[in-house]
Each structure stands twice: as C-alpha cells, then as structure tokens.
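K.L.:
So that we are looking at the same thing, I have put the structure below in structure tokens.
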Amino acid sequence: MKRSVLSATLGLALAAGLAVLPTTAAAAAAPAAPAAQGYTAATYAGSAAETADNQAFFQAVMASAKAKQAANPGLATVVVTYDASSAPTFRNQISQAAQIWNGSVSNVQLRSGSAADFSYYEGNDSRGSYASTDGHGRGYIFLDYQQNRQYNSVRVTAHETGHVLGLPDHYSGPCSELMSGGGPGTSCTNPYPNSTERSRVNSLWARG
Ligand SMILES: [Zn+2]
C-alpha cells in the first residue's frame with residue numbers, strides 16, 4: 001500500500017516536471033520569503049478589498065512569462081515556470097495544483113523549472129497563505145503551515161496558484177468555486193476551478 005502511494009506521488013511529481021529533491025535537501029531550512037517591503041497580497045481567507053493587489057501580482061507573472069515566450073512566437077500556449085524548492089513541505093500539493101490547472105485550461109500551462117516566473121515559499125504568518133509581489137516585479141506564493149492544516153491544503157495551493165493565472169478572490173462564492181478560498185469554511189475540500197474560472201483564465205491568456 002505504501003509503495004503504490006509513493007509511486008503515485010512520484011509519478012505526479014515527475015509528470016509535473018517537478019524536481020524530486022533528495023531527503024537532505026527537503027529537510028533543509030527553507031529560505032525566508034522575500035522582504036515585506038513593497039508588500040501586496042491576496043490572501044486565502046482575508047478581506048475582499050485586494051483586487052488591485054491581485055492584478056499587480058498577475059501582471060508581474062504574465063510579463064515575465066510573456067517576455068520568455070517572445071522567443072517562441074509560434075506557440076499558442078504560454079508557459080509559466082515556477083520554483084517550488086523553497087516550499088518542500090508542500091511539494092505534493094504544488095504538483096497537484098499544477099496538474100489541476102494544466103488539466104483545466106489550455107492557453108497557459110504551469111511547469112517547474114529554473115529562471116522561474118514565480119516561486120512558492122512556506123512558513124508561519126498570521127496573515128495566512130497569500131499570493132504577493134516583492135515590489136520588484138516578481139510574484140510569489142506564501143503557504144502558511146497553520147492554515148494548510150486547518151483548510152484543505154491542495155485547495156489552498158490551487159487557489160493561490162489561481163492568482164498567478166489572474167483570478168481575483170471571491171470569498172462569498174460557493175465551495176464549487178476555487179477562488180472563494182476560505183469563504184465556504186474549513187470543510188470545503190474542492191481543489192478544482194469551476195467552468196467560469198476556467199474560461200476566465202483561458203481568456204486572460206489567449207494569444208493577442
Ligand atoms: Zn486568494
């Protein structure tokens with residue numbers, strides 16, 4: 001049983017192009033998230049007055065991804081590259097979130113890799129989990145330990161990744177909506193975007 005779970009996890013990680021770190025690297029202390037200077041954030045269960053911040057984060061990631069894509073103008077799909085090495089505890093959740101989004105939309109795809117457009121970080125923060133910019137045009141996602149124990153961790157990770165793809169928070173939405181985040185409460189475990197959210201991301205990343 002243990003073996004099949006492990007190989008399934010490994011398969012997921014490999015399918016997502018995620019580097020499988022040796023145990024020693026995973027156990028090493030994660031570097032701190034970028035300095036709070038210029039901090040803007042869209043949280044998992046915070047206030048709804050964060051639309052401008054969501055937009056700033058999305059613009060930063062899109063600019064970074066599109067600059068690289070300019071070298072391959074024939075490609076219809078924009079590839080957004082992420083670095084998950086600073087969130088080793090959430091390796092599986094990040095891999096699953098990428099798989100969920102990659103299976104949900106076609107105009108943009110997430111890949112693990114170097115020279116990343118954004119990074120994941122982990123730690124303890126009273127603000128919970130959030131997507132943010134570092135004030136220097138770079139986006140990152142912070143995953144809070146306590147919140148990820150409280151709420152379904154794959155949903156939290158997929159939700160924050162939804163900000164990377166341009167979706168704003170909508171805390172008043174139902175559990176079937178990914179961007180309702182912590183709104184529907186801790187019992188909500190749905191990690192999938194609904195059809196409206198999928199369409200919106202495809203439109204945002206449509207060529208031209
Ligand atoms: Zn959010």
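By convention in this document, the chains of the structure tokens carry letters A, B, ... by their order, each chain's residues are numbered from 1, and ligands are numbered from 1 in the order they are shown.
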Counting only C-alpha atoms and all ligand atoms, what residues are within 8 Å of ligand 1, given as a PyMOL selection string?

P.N.:
chain A and resi 42-46+130-131+159-160+162-163+168-170+179-181

K.L.:
List as an NGL selection string the protein and nucleic acid residues near region 92-109 of chain A, meaning an atom at most 8 Å away when only C-alpha atoms are counted, but skip any in the same chain fewer than 5 places from it.

P.N.:
:A and (9 or 12-13 or 16 or 18 or 76-80 or 84 or 153-155 or 157-158 or 161 or 191-193 or 198-199 or 201-203 or 205-207)

K.L.:
Do you have the CA of Arg200 (chain A)-CA of Met62 (chain A) distance handy?

P.N.:
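For CA of Arg200 (chain A) relative to CA of Met62 (chain A), the distance reads 14.7 Å.
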